[in-house]
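Student: So here's query_12.csv, just CSV, C-alpha atoms:
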```csv
chain,number,residue,atom,x,y,z
I,30,VAL,CA,-9.3,-13.4,21.8
I,31,LEU,CA,-7.6,-13.8,18.4
I,32,MET,CA,-9.8,-15.3,15.7
I,33,THR,CA,-8.0,-16.9,12.8
I,34,GLN,CA,-9.8,-17.9,9.7
I,35,SER,CA,-8.6,-20.3,7.0
I,36,PRO,CA,-8.1,-20.4,4.1
I,37,ALA,CA,-7.9,-16.7,3.2
I,38,THR,CA,-9.3,-17.5,-0.2
I,39,LEU,CA,-11.3,-20.5,-1.3
I,40,SER,CA,-12.0,-21.3,-4.9
I,41,VAL,CA,-15.1,-23.3,-5.5
I,42,SER,CA,-17.2,-24.3,-8.5
I,43,PRO,CA,-21.0,-23.6,-8.3
I,44,GLY,CA,-22.9,-26.5,-6.9
I,45,GLU,CA,-19.9,-27.7,-4.8
I,46,ARG,CA,-19.5,-27.7,-1.1
I,47,ALA,CA,-17.4,-25.0,0.7
I,48,THR,CA,-16.0,-25.5,4.2
I,49,LEU,CA,-14.6,-22.5,6.0
I,50,SER,CA,-12.7,-22.7,9.3
I,51,CYS,CA,-12.4,-20.3,12.3
I,52,ARG,CA,-10.1,-20.9,15.2
I,53,ALA,CA,-10.1,-19.0,18.5
I,54,SER,CA,-7.0,-18.4,20.5
I,55,GLN,CA,-8.9,-19.5,23.7
I,56,SER,CA,-12.3,-21.1,24.3
I,57,VAL,CA,-15.3,-19.1,23.3
I,58,SER,CA,-17.8,-21.8,24.1
I,59,THR,CA,-20.5,-21.6,21.4
I,60,ASN,CA,-20.5,-17.8,21.4
I,61,LEU,CA,-19.6,-17.6,17.8
I,62,ALA,CA,-21.3,-15.9,14.9
I,63,TRP,CA,-20.7,-16.0,11.1
I,64,TYR,CA,-21.4,-13.1,8.7
I,65,GLN,CA,-21.4,-12.8,4.9
I,66,GLN,CA,-20.3,-9.6,3.2
I,67,LYS,CA,-20.6,-8.6,-0.4
I,68,PRO,CA,-18.8,-5.6,-2.0
I,69,GLY,CA,-20.3,-2.3,-1.0
I,70,GLN,CA,-22.5,-3.8,1.7
I,71,GLY,CA,-22.4,-4.3,5.4
I,72,PRO,CA,-22.1,-7.8,6.8
I,73,ARG,CA,-25.1,-10.0,7.0
I,74,LEU,CA,-25.7,-12.3,10.0
I,75,LEU,CA,-25.8,-16.0,8.9
I,76,ILE,CA,-25.2,-18.0,12.1
I,77,TYR,CA,-25.1,-17.3,15.8
I,78,GLY,CA,-24.6,-19.6,18.8
I,79,ALA,CA,-22.1,-21.4,16.5
I,80,SER,CA,-24.9,-23.4,14.8
I,81,THR,CA,-28.2,-21.5,14.8
I,82,ARG,CA,-29.2,-20.0,11.4
I,83,ALA,CA,-30.4,-16.4,11.5
I,84,THR,CA,-33.8,-15.5,10.3
I,85,GLY,CA,-34.2,-16.0,6.5
I,86,ILE,CA,-30.9,-17.8,6.1
I,87,PRO,CA,-31.3,-20.9,3.8
I,88,ALA,CA,-30.6,-24.4,5.0
I,89,ASN,CA,-27.6,-24.8,2.8
I,90,PHE,CA,-25.7,-22.7,5.4
I,91,SER,CA,-24.7,-24.6,8.5
I,92,GLY,CA,-22.3,-24.0,11.4
I,93,SER,CA,-20.7,-26.3,13.8
I,94,GLY,CA,-18.1,-26.4,16.5
I,95,SER,CA,-17.4,-25.3,20.1
I,96,GLY,CA,-14.5,-24.2,22.2
I,97,THR,CA,-11.8,-23.1,19.8
I,98,GLU,CA,-12.7,-24.8,16.5
I,99,PHE,CA,-15.6,-23.8,14.3
I,100,THR,CA,-16.7,-24.5,10.8
I,101,LEU,CA,-19.1,-22.9,8.4
I,102,THR,CA,-20.3,-25.2,5.6
I,103,ILE,CA,-22.1,-24.1,2.5
I,104,SER,CA,-23.5,-27.3,1.1
I,105,SER,CA,-24.1,-26.3,-2.5
I,106,LEU,CA,-22.7,-23.0,-3.6
I,107,GLN,CA,-25.0,-20.7,-5.6
I,108,SER,CA,-23.9,-17.6,-7.5
I,109,ASP,CA,-25.2,-15.4,-4.7
I,110,ASP,CA,-23.0,-17.1,-2.1
I,111,PHE,CA,-19.7,-15.9,-3.6
I,112,ALA,CA,-18.6,-13.3,-1.0
I,113,VAL,CA,-16.4,-12.8,2.1
I,114,TYR,CA,-17.2,-14.6,5.3
I,115,TYR,CA,-16.3,-13.5,8.8
I,116,CYS,CA,-16.5,-15.2,12.2
I,117,GLN,CA,-16.9,-13.2,15.4
I,118,GLN,CA,-16.6,-14.3,19.0
I,119,TYR,CA,-18.8,-12.8,21.7
I,120,ASN,CA,-17.6,-14.7,24.7
I,121,ASN,CA,-14.9,-12.3,25.9
I,122,TRP,CA,-14.3,-8.6,25.8
I,123,PRO,CA,-13.6,-7.1,23.4
I,124,ARG,CA,-15.7,-8.8,20.8
I,125,THR,CA,-13.4,-9.8,18.0
I,126,PHE,CA,-13.6,-10.8,14.4
I,127,GLY,CA,-11.5,-13.0,12.1
I,128,GLN,CA,-9.8,-11.6,9.0
I,129,GLY,CA,-12.3,-13.3,6.7
I,130,THR,CA,-12.4,-16.0,4.0
I,131,LYS,CA,-13.1,-14.9,0.4
I,132,VAL,CA,-15.1,-17.5,-1.4
I,133,GLU,CA,-14.5,-17.1,-5.2
I,134,ILE,CA,-15.7,-18.8,-8.3
I,135,LYS,CA,-13.3,-21.5,-9.5
P,28,GLU,CA,-38.1,-4.1,7.7
P,29,VAL,CA,-35.1,-3.1,9.8
P,30,GLN,CA,-32.9,-0.5,8.1
P,31,LEU,CA,-29.8,1.4,9.2
P,32,LEU,CA,-28.4,4.2,7.2
P,33,GLU,CA,-25.1,5.9,7.9
P,34,SER,CA,-23.9,9.3,6.8
P,35,GLY,CA,-21.3,11.9,7.6
P,36,GLY,CA,-18.2,10.2,6.2
P,37,GLY,CA,-15.5,12.0,4.2
P,38,LEU,CA,-12.0,13.2,3.9
P,39,VAL,CA,-10.5,14.9,7.0
P,40,GLN,CA,-6.9,16.0,7.9
P,41,PRO,CA,-5.1,14.4,10.8
P,42,GLY,CA,-6.1,16.0,14.0
P,43,GLY,CA,-9.5,17.0,12.5
P,44,SER,CA,-13.0,16.0,13.6
P,45,LEU,CA,-16.0,14.3,11.9
P,46,ARG,CA,-19.4,13.2,13.1
P,47,LEU,CA,-21.1,10.1,11.8
P,48,SER,CA,-24.9,9.6,12.0
P,49,CYS,CA,-26.9,6.4,11.7
P,50,VAL,CA,-30.7,6.7,11.2
P,51,VAL,CA,-32.6,3.5,11.9
P,52,SER,CA,-36.1,2.2,11.3
P,53,GLY,CA,-38.1,-0.9,11.6
P,54,PHE,CA,-37.7,-1.6,15.3
P,55,THR,CA,-38.1,0.1,18.7
P,56,PHE,CA,-34.9,2.1,18.8
P,57,SER,CA,-34.8,2.8,22.5
P,58,ASN,CA,-34.8,-0.9,23.4
P,59,TYR,CA,-31.5,-1.9,21.8
P,60,VAL,CA,-27.8,-1.4,22.2
P,61,MET,CA,-26.4,0.2,19.1
P,62,ASN,CA,-22.8,-0.1,17.9
P,63,TRP,CA,-20.2,1.4,15.6
P,64,VAL,CA,-17.9,-1.2,13.9
P,65,ARG,CA,-15.1,-0.2,11.6
P,66,GLN,CA,-13.2,-2.0,8.8
P,67,ALA,CA,-9.8,-0.6,7.9
P,68,PRO,CA,-8.2,-1.6,4.7
P,69,GLY,CA,-6.7,-5.1,5.0
P,70,LYS,CA,-7.7,-5.4,8.7
P,71,ALA,CA,-10.3,-7.3,10.7
P,72,LEU,CA,-13.5,-5.7,11.7
P,73,GLU,CA,-13.2,-3.9,15.0
P,74,LEU,CA,-16.0,-2.8,17.4
P,75,VAL,CA,-15.3,0.8,18.1
P,76,SER,CA,-18.1,1.9,20.4
P,77,ALA,CA,-21.5,0.8,21.8
P,78,ILE,CA,-24.3,2.6,23.6
P,79,THR,CA,-27.3,1.3,25.6
P,80,GLY,CA,-30.9,2.1,24.7
P,81,SER,CA,-31.1,4.7,27.4
P,82,GLY,CA,-27.8,6.2,26.4
P,83,THR,CA,-26.4,5.9,29.9
P,84,GLY,CA,-24.1,3.0,29.3
P,85,THR,CA,-21.3,3.1,26.8
P,86,TYR,CA,-18.3,1.1,25.6
P,87,TYR,CA,-15.2,2.3,23.8
P,88,ALA,CA,-12.3,0.3,22.3
P,89,ASP,CA,-8.9,1.3,23.7
P,90,SER,CA,-7.9,2.6,20.4
P,91,VAL,CA,-10.5,5.4,20.4
P,92,ARG,CA,-11.2,6.0,24.1
P,93,GLY,CA,-10.9,9.7,24.9
P,94,ARG,CA,-11.1,10.7,21.2
P,95,PHE,CA,-14.5,9.3,20.1
P,96,THR,CA,-17.9,9.9,21.7
P,97,ILE,CA,-21.0,7.9,21.0
P,98,SER,CA,-24.5,9.3,21.6
P,99,ARG,CA,-28.1,8.7,20.6
P,100,ASP,CA,-31.3,10.7,20.0
P,101,THR,CA,-34.4,8.6,20.5
P,102,SER,CA,-36.6,11.3,19.1
P,103,LYS,CA,-34.7,11.1,15.8
P,104,ASN,CA,-34.0,7.3,15.8
P,105,THR,CA,-30.4,8.2,15.3
P,106,VAL,CA,-27.1,7.2,16.8
P,107,TYR,CA,-24.0,9.3,16.4
P,108,LEU,CA,-20.2,8.9,16.6
P,109,GLN,CA,-18.3,12.1,17.2
P,110,MET,CA,-14.7,11.5,16.2
P,111,ASN,CA,-12.0,14.0,17.3
P,112,ASN,CA,-8.3,14.2,17.0
P,113,LEU,CA,-8.4,11.8,14.0
P,114,ARG,CA,-5.4,9.8,13.0
P,115,ALA,CA,-4.4,8.1,9.8
P,116,GLU,CA,-5.1,4.7,11.4
P,117,ASP,CA,-8.8,5.7,11.9
P,118,THR,CA,-9.2,5.5,8.1
P,119,ALA,CA,-11.9,2.8,7.6
P,120,VAL,CA,-15.5,2.1,6.6
P,121,TYR,CA,-17.6,2.7,9.7
P,122,TYR,CA,-20.7,0.5,10.1
P,123,CYS,CA,-23.7,1.1,12.4
P,124,ALA,CA,-24.8,-2.3,13.8
P,125,LYS,CA,-27.6,-3.4,16.1
P,126,ASP,CA,-27.6,-5.9,19.0
P,127,PRO,CA,-30.2,-8.6,18.7
P,128,ILE,CA,-31.6,-8.5,22.3
P,129,THR,CA,-33.2,-5.9,24.5
P,130,THR,CA,-30.9,-5.1,27.4
P,131,THR,CA,-30.2,-2.1,29.7
P,132,VAL,CA,-26.4,-2.6,29.6
P,133,VAL,CA,-23.8,-3.2,27.0
P,134,VAL,CA,-23.4,-7.0,26.8
P,135,LEU,CA,-21.4,-9.5,24.8
P,136,SER,CA,-23.4,-10.2,21.7
P,137,TYR,CA,-23.3,-10.6,18.0
P,138,PHE,CA,-24.9,-8.1,15.6
P,139,ASP,CA,-28.1,-8.9,13.8
P,140,TYR,CA,-28.4,-5.9,11.4
P,141,TRP,CA,-25.8,-3.7,9.8
P,142,GLY,CA,-25.8,-0.5,7.7
P,143,GLN,CA,-24.1,-0.2,4.4
P,144,GLY,CA,-21.2,1.8,5.9
P,145,ALA,CA,-19.6,5.3,5.7
P,146,LEU,CA,-16.1,5.8,4.5
P,147,VAL,CA,-13.8,7.9,6.7
P,148,THR,CA,-10.4,8.9,5.2
P,149,VAL,CA,-7.9,10.7,7.4
P,150,SER,CA,-5.1,12.1,5.2
P,151,SER,CA,-3.3,15.3,4.6
```
As a first step, turn the structure in this file into structure tokens.

Tutor:
Amino acid sequence: VLMTQSPATLSVSPGERATLSCRASQSVSTNLAWYQQKPGQGPRLLIYGASTRATGIPANFSGSGSGTEFTLTISSLQSDDFAVYYCQQYNNWPRTFGQGTKVEIK
Amino acid sequence: EVQLLESGGGLVQPGGSLRLSCVVSGFTFSNYVMNWVRQAPGKALELVSAITGSGTGTYYADSVRGRFTISRDTSKNTVYLQMNNLRAEDTAVYYCAKDPITTTVVVLSYFDYWGQGALVTVSS
């Protein structure tokens, strides 16, 4: 399953909302996870089941969607949120990831 | 606190070998599937290999099957990735990652904890 994320780069001012998209080449139901990655670190799980926040993830992160279209929304960007975000499907073998969206400071 | 710490990365010539290790703590190691995921420059993350808690079940991506071997030592809380016949396209940061649920087989899942990664460079 090919996962396509858009945009590749998103420029956002602190305090603004960021909306990231992830599209699957075929339905993955709600078997979709989102990760955040900062330079020099491994990915950090944010969302699984398309909309369930992982332990310790703040409420300004939310996920939605099902089938082939998914969205990660960061309601009010903080300085710590500027990073690269990846989606991953776990509905079909092999598990596959998107190319990532870099959220940068505008 | 769950921690995963990779080691063993480095520079190796094409055709060479390297063994990565991942020491874990903060959870019952033998209960969870463990994975190796790599990130090549400019490419998407790729699940390379996975192993069940007992070590009897494994998964390999087509790109590494027959060249890489995953194993684990429960007494040392460590998972390994033996990489043989390395190619330039194996150059990547290799992450150790944990499945979130206790299973006896490799299943479709996300990853709830990751290490900080080990850089493997294959070049002459």

Student: When you count all atoms listed in the file, which of these residues is closest to chain P: I:Asn60, I:Gln66, I:Gly71, I:Tyr115?

Tutor: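 Distance minimum relative to chain P lands on I:Gly71.
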
Student: Considering only C-alpha atoms, state which residue in the set I:Thr97, I:Thr84, I:Gln107, I:Ser91 is at the smallest distance from Thr33 of chain I.

Tutor: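 That would be I:Thr97, the residue with the smallest distance to Thr33 of chain I.
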
Student: Under the rule of at most 9 Å, produce a per-residue listing of chain I near chain P: chain, number, name, the closest pair of atoms, and the distance in Å, as a tab-separated table, using all atoms listed in the file.

Tutor:
```
residue	atom	partner	partner_atom	distance
I:Asn60	CA	P:Ser136	CA	8.1
I:Leu61	CA	P:Tyr137	CA	7.9
I:Ala62	CA	P:Tyr137	CA	6.5
I:Gly69	CA	P:Gln143	CA	6.9
I:Gln70	CA	P:Gln143	CA	4.8
I:Gly71	CA	P:Gln143	CA	4.5
I:Pro72	CA	P:Trp141	CA	6.3
I:Arg73	CA	P:Tyr140	CA	6.9
I:Leu74	CA	P:Asp139	CA	5.6
I:Leu75	CA	P:Asp139	CA	8.9
I:Tyr77	CA	P:Tyr137	CA	7.3
I:Ala83	CA	P:Asp139	CA	8.2
I:Tyr115	CA	P:Leu72	CA	8.8
I:Gln117	CA	P:Tyr137	CA	7.4
I:Gln118	CA	P:Tyr137	CA	7.7
I:Tyr119	CA	P:Leu135	CA	5.2
I:Asn120	CA	P:Leu135	CA	6.4
I:Asn121	CA	P:Leu135	CA	7.2
I:Trp122	CA	P:Leu135	CA	7.2
I:Pro123	CA	P:Ala88	CA	7.6
I:Arg124	CA	P:Leu74	CA	6.9
I:Thr125	CA	P:Glu73	CA	6.6
I:Phe126	CA	P:Leu72	CA	5.8
I:Gly127	CA	P:Ala71	CA	6.0
I:Gln128	CA	P:Ala71	CA	4.7
I:Gly129	CA	P:Ala71	CA	7.5
```

Student: Report as a compact mmCIF listing (two decimals) with C-alpha atoms, keeping the file's coordinate frame all protein, DNA and RNA residues lying within 7 Å of segment 108-117 of chain P, evaluated on all atoms listed in the file, omitting residues in the same chain fewer than 3 positions from it.

Tutor:
```txt
# COMPACT_ATOMS: atom_id res chain seq x y z
CA PRO P 41 -5.10 14.40 10.80
CA GLY P 42 -6.10 16.00 14.00
CA GLY P 43 -9.50 17.00 12.50
CA SER P 44 -13.00 16.00 13.60
CA LEU P 45 -16.00 14.30 11.90
CA ARG P 46 -19.40 13.20 13.10
CA LEU P 47 -21.10 10.10 11.80
CA SER P 48 -24.90 9.60 12.00
CA ARG P 94 -11.10 10.70 21.20
CA PHE P 95 -14.50 9.30 20.10
CA THR P 96 -17.90 9.90 21.70
CA ILE P 97 -21.00 7.90 21.00
CA SER P 98 -24.50 9.30 21.60
CA VAL P 149 -7.90 10.70 7.40
CA SER P 150 -5.10 12.10 5.20
```

Student: If you measure from atom CA of Pro87 of chain I to atom CA of Ala145 of chain P, what distance in Å do you get, rounded to one decimal?

Tutor: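 Interatomic distance here is 28.8 Å.
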
Student: Name all residues at most 10 Å from Thr83 of chain P (count all atoms listed in the file; drop same-chain ones fewer than 4 positions away) and give them as a PyMOL selection string.

Tutor: chain P and resi 78-79+98-99+131-133

Student: Since we have the selection now, will you write its residues out, keeping C-alpha atoms, as a PDB file, in the frame of the given file?

Tutor:
```pdb
ATOM      1  CA  ILE P  78     -24.300   2.600  23.600  1.00  0.00           C
ATOM      2  CA  THR P  79     -27.300   1.300  25.600  1.00  0.00           C
ATOM      3  CA  SER P  98     -24.500   9.300  21.600  1.00  0.00           C
ATOM      4  CA  ARG P  99     -28.100   8.700  20.600  1.00  0.00           C
ATOM      5  CA  THR P 131     -30.200  -2.100  29.700  1.00  0.00           C
ATOM      6  CA  VAL P 132     -26.400  -2.600  29.600  1.00  0.00           C
ATOM      7  CA  VAL P 133     -23.800  -3.200  27.000  1.00  0.00           C
TER       8      VAL P 133
END
```

Student: From the set P:Ser57, P:Ser151, P:Asn62, P:Thr85, which residue has the shortest atom-to-atom contact distance to Leu31 of chain P, counting all atoms listed in the file?

Tutor: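 Checking each candidate against Leu31 of chain P, we get P:Asn62 as the closest.
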
Student: Taking (-21.6, -30.1, 1.2) as a centre in this file's frame and 6 Å as the limit, can you find every polymer residue with an atom that close, using all atoms listed in the file, and give them as a ChimeraX atom specification?

Tutor: /I:46,104-105

Student: How would the residues just picked look written out with C-alpha atoms as a short mmCIF file (atom, residue, chain, number, x, y, z; two decimals), keeping the file's coordinate frame?

Tutor:
```
data_model
loop_
_atom_site.label_atom_id
_atom_site.label_comp_id
_atom_site.auth_asym_id
_atom_site.auth_seq_id
_atom_site.Cartn_x
_atom_site.Cartn_y
_atom_site.Cartn_z
CA ARG I 46 -19.50 -27.70 -1.10
CA SER I 104 -23.50 -27.30 1.10
CA SER I 105 -24.10 -26.30 -2.50
#
```

Student: Take the point (-18.6, -25.9, 27.1) in the file's coordinates, draw a sphere of radius 9 Å around it, and report as a ChimeraX atom specification every protein, DNA or RNA residue with an atom inside or on it, counting all atoms listed in the file.

Tutor: /I:56-59,95-96

Student: Given only C-alpha atoms as the basis, pick out the residue of I:Cys51, I:Leu106, I:Leu101, I:Leu39 nearest to Arg82 of chain I.

Tutor: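 Of all the options, I:Leu101 lies closest to Arg82 of chain I.
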
Student: Show me, as a ChimeraX atom specification, the residues that have an atom within 9 Å of Phe111 of chain I when counting only C-alpha atoms, minus same-chain residues fewer than 5 positions from it.

Tutor: /I:41,67,106,131-134

Student: How many Å lie between atom CA of Asp100 of chain P and atom CA of Ala67 of chain P, rounded to one decimal?

Tutor: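 Going from atom CA of Asp100 of chain P over to atom CA of Ala67 of chain P, I get 27.1 Å.
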
Student: Please compute the atom CA of Gln66 of chain P-atom CA of Ala88 of chain I distance, one decimal, in Å.

Tutor: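 Straight-line distance from atom CA of Gln66 of chain P to atom CA of Ala88 of chain I works out to 28.6 Å.
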
Student: Which one is closest to Met32 of chain I: I:Ile103, I:Cys116, I:Ala79, I:Leu49? Count only C-alpha atoms.

Tutor: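 The closest residue to Met32 of chain I is I:Cys116.
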
Student: Nearest residue to Glu28 of chain P out of P:Ala77, P:Leu146, P:Ile128, P:Val51, using only C-alpha atoms?

Tutor: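 Of the candidates, the smallest distance to Glu28 of chain P is held by P:Val51.
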